[in-house]
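Single-structure report; data block below.
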Amino acid sequence: MSARPKVVVTGAGGYIGPHVVRGLLERDMDVVAVVRPGNTTQLDPRAERLEADILAPGFDPAVLADAAPRTDA
């Protein structure tokens with residue numbers, strides 16, 4: 001049995017982000033939705049919400065690496 005695909009969606013709090021998240025969930029994928037801190041966009045509760053500003057100086061990309069799919073499983 002194979003694991004469900006996992007997708008990280010940056011910009012999930014933007015104009016089309018919630019639609020992308022919902023579409024991926026409907027395709028039976030695990031979704032990590034990245035939104036900027038303080039963003040109040042309502043996302044599908046099945047998605048994992050991760051607040052991070054990936055454009056901020058000093059952003060640690062390890063935050064995304066922790067959320068990314070594992071390829072060693």
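Here, A, B, ... name the chains of the structure tokens in the order displayed, residue numbers run from 1 inside each chain, and ligands are numbered from 1 in the same displayed order.
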Note to self: Using DSSP secondary structure from the backbone, list all strand (DSSP E) positions within chain A, as a ChimeraX atom specification.
What the structure shows: /A:6-10,30-35,48-51
For the residues in that selection, give me N, CA and C atoms as a JSON list (two decimals), in the first residue's frame.
[["chain", "number", "residue", "atom", "x", "y", "z"],
["A", 6, "LYS", "N", 1.97, 14.01, -0.45],
["A", 6, "LYS", "CA", 1.93, 15.18, 0.42],
["A", 6, "LYS", "C", 2.43, 16.38, -0.38],
["A", 7, "VAL", "N", 1.69, 17.48, -0.30],
["A", 7, "VAL", "CA", 1.99, 18.68, -1.08],
["A", 7, "VAL", "C", 2.09, 19.87, -0.14],
["A", 8, "VAL", "N", 3.11, 20.72, -0.37],
["A", 8, "VAL", "CA", 3.24, 21.97, 0.36],
["A", 8, "VAL", "C", 2.81, 23.08, -0.59],
["A", 9, "VAL", "N", 1.79, 23.85, -0.18],
["A", 9, "VAL", "CA", 1.26, 24.94, -1.00],
["A", 9, "VAL", "C", 1.67, 26.26, -0.38],
["A", 10, "THR", "N", 2.58, 27.00, -1.03],
["A", 10, "THR", "CA", 2.91, 28.33, -0.56],
["A", 10, "THR", "C", 1.89, 29.30, -1.15],
["A", 30, "ASP", "N", -2.38, 14.79, 1.08],
["A", 30, "ASP", "CA", -2.13, 15.52, 2.31],
["A", 30, "ASP", "C", -1.59, 16.88, 1.92],
["A", 31, "VAL", "N", -2.10, 17.94, 2.54],
["A", 31, "VAL", "CA", -1.73, 19.30, 2.16],
["A", 31, "VAL", "C", -1.22, 20.08, 3.36],
["A", 32, "VAL", "N", -0.07, 20.73, 3.19],
["A", 32, "VAL", "CA", 0.44, 21.70, 4.14],
["A", 32, "VAL", "C", 0.25, 23.06, 3.48],
["A", 33, "ALA", "N", -0.59, 23.90, 4.07],
["A", 33, "ALA", "CA", -0.93, 25.20, 3.51],
["A", 33, "ALA", "C", -0.11, 26.28, 4.20],
["A", 34, "VAL", "N", 0.81, 26.91, 3.46],
["A", 34, "VAL", "CA", 1.67, 27.94, 4.03],
["A", 34, "VAL", "C", 1.02, 29.31, 3.82],
["A", 35, "VAL", "N", 0.80, 30.01, 4.94],
["A", 35, "VAL", "CA", 0.23, 31.36, 4.91],
["A", 35, "VAL", "C", 1.14, 32.28, 5.71],
["A", 48, "GLU", "N", -3.16, 21.00, 6.82],
["A", 48, "GLU", "CA", -2.29, 21.45, 7.91],
["A", 48, "GLU", "C", -1.90, 22.90, 7.60],
["A", 49, "ARG", "N", -2.13, 23.80, 8.53],
["A", 49, "ARG", "CA", -1.83, 25.23, 8.34],
["A", 49, "ARG", "C", -0.45, 25.51, 8.93],
["A", 50, "LEU", "N", 0.39, 26.18, 8.15],
["A", 50, "LEU", "CA", 1.74, 26.56, 8.60],
["A", 50, "LEU", "C", 1.92, 28.04, 8.34],
["A", 51, "GLU", "N", 2.12, 28.82, 9.40],
["A", 51, "GLU", "CA", 2.34, 30.25, 9.25],
["A", 51, "GLU", "C", 3.83, 30.52, 9.10]]
Margin query: Need to verify the contact set: Pro18 of chain A, 9 Å, only C-alpha atoms, exclusion of same-chain residues closer than 3 positions in sequence. Can you return it as a ChimeraX atom specification?
Written below: /A:11-15,21-23,33,41-44
Next item on the list: Just give me the gap between atom CA of Val20 of chain A and atom CA of Pro5 of chain A in Å, one decimal is fine.
Entry: 14.8 Å
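When atom CA of Glu26 of chain A is paired with atom CA of Leu64 of chain A, their separation reads 22.7 Å.
Our summary of the geometry notes that atom CA of Pro57 of chain A is positioned 28.4 Å from atom CA of His19 of chain A.
Here the DSSP assignment of alpha helix (DSSP H), based on backbone atoms, applies within segment 8-55 of chain A to Gly17, Pro18, His19, Val20, Val21, Arg22, Gly23, Leu24, Leu25 and Glu26 of chain A.
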Based on the selection just made, write N, CA, C and O atoms of those residues as a PDB file, in the first residue's frame.
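So out-v2.pdb came out as:
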ATOM      1  N   GLY A  17      -5.245  30.514  -3.547  1.00  0.00           N
ATOM      2  CA  GLY A  17      -4.668  29.490  -2.674  1.00  0.00           C
ATOM      3  C   GLY A  17      -5.677  28.540  -2.065  1.00  0.00           C
ATOM      4  O   GLY A  17      -5.488  27.318  -2.105  1.00  0.00           O
ATOM      5  N   PRO A  18      -6.773  29.041  -1.480  1.00  0.00           N
ATOM      6  CA  PRO A  18      -7.746  28.127  -0.880  1.00  0.00           C
ATOM      7  C   PRO A  18      -8.361  27.159  -1.899  1.00  0.00           C
ATOM      8  O   PRO A  18      -8.660  26.011  -1.575  1.00  0.00           O
ATOM      9  N   HIS A  19      -8.512  27.602  -3.145  1.00  0.00           N
ATOM     10  CA  HIS A  19      -9.056  26.721  -4.189  1.00  0.00           C
ATOM     11  C   HIS A  19      -8.059  25.629  -4.541  1.00  0.00           C
ATOM     12  O   HIS A  19      -8.440  24.476  -4.766  1.00  0.00           O
ATOM     13  N   VAL A  20      -6.783  25.979  -4.583  1.00  0.00           N
ATOM     14  CA  VAL A  20      -5.735  24.989  -4.857  1.00  0.00           C
ATOM     15  C   VAL A  20      -5.704  23.950  -3.736  1.00  0.00           C
ATOM     16  O   VAL A  20      -5.662  22.740  -3.992  1.00  0.00           O
ATOM     17  N   VAL A  21      -5.734  24.424  -2.497  1.00  0.00           N
ATOM     18  CA  VAL A  21      -5.716  23.523  -1.342  1.00  0.00           C
ATOM     19  C   VAL A  21      -6.900  22.564  -1.401  1.00  0.00           C
ATOM     20  O   VAL A  21      -6.749  21.346  -1.262  1.00  0.00           O
ATOM     21  N   ARG A  22      -8.108  23.096  -1.619  1.00  0.00           N
ATOM     22  CA  ARG A  22      -9.306  22.255  -1.667  1.00  0.00           C
ATOM     23  C   ARG A  22      -9.221  21.235  -2.807  1.00  0.00           C
ATOM     24  O   ARG A  22      -9.579  20.068  -2.639  1.00  0.00           O
ATOM     25  N   GLY A  23      -8.735  21.678  -3.972  1.00  0.00           N
ATOM     26  CA  GLY A  23      -8.617  20.756  -5.107  1.00  0.00           C
ATOM     27  C   GLY A  23      -7.663  19.602  -4.828  1.00  0.00           C
ATOM     28  O   GLY A  23      -7.933  18.460  -5.207  1.00  0.00           O
ATOM     29  N   LEU A  24      -6.557  19.894  -4.158  1.00  0.00           N
ATOM     30  CA  LEU A  24      -5.604  18.835  -3.822  1.00  0.00           C
ATOM     31  C   LEU A  24      -6.185  17.885  -2.784  1.00  0.00           C
ATOM     32  O   LEU A  24      -5.986  16.670  -2.870  1.00  0.00           O
ATOM     33  N   LEU A  25      -6.899  18.428  -1.814  1.00  0.00           N
ATOM     34  CA  LEU A  25      -7.540  17.573  -0.813  1.00  0.00           C
ATOM     35  C   LEU A  25      -8.579  16.666  -1.461  1.00  0.00           C
ATOM     36  O   LEU A  25      -8.709  15.497  -1.082  1.00  0.00           O
ATOM     37  N   GLU A  26      -9.310  17.197  -2.436  1.00  0.00           N
ATOM     38  CA  GLU A  26     -10.305  16.384  -3.138  1.00  0.00           C
ATOM     39  C   GLU A  26      -9.660  15.269  -3.947  1.00  0.00           C
ATOM     40  O   GLU A  26     -10.315  14.285  -4.274  1.00  0.00           O
TER      41      GLU A  26
END
Margin query: Please determine, counting only C-alpha atoms, which residue among A:Gly58, A:Arg27, A:Val63, A:Asp53 has the shortest atom-to-atom distance to Asn39 of chain A.
Written below: A:Asp53
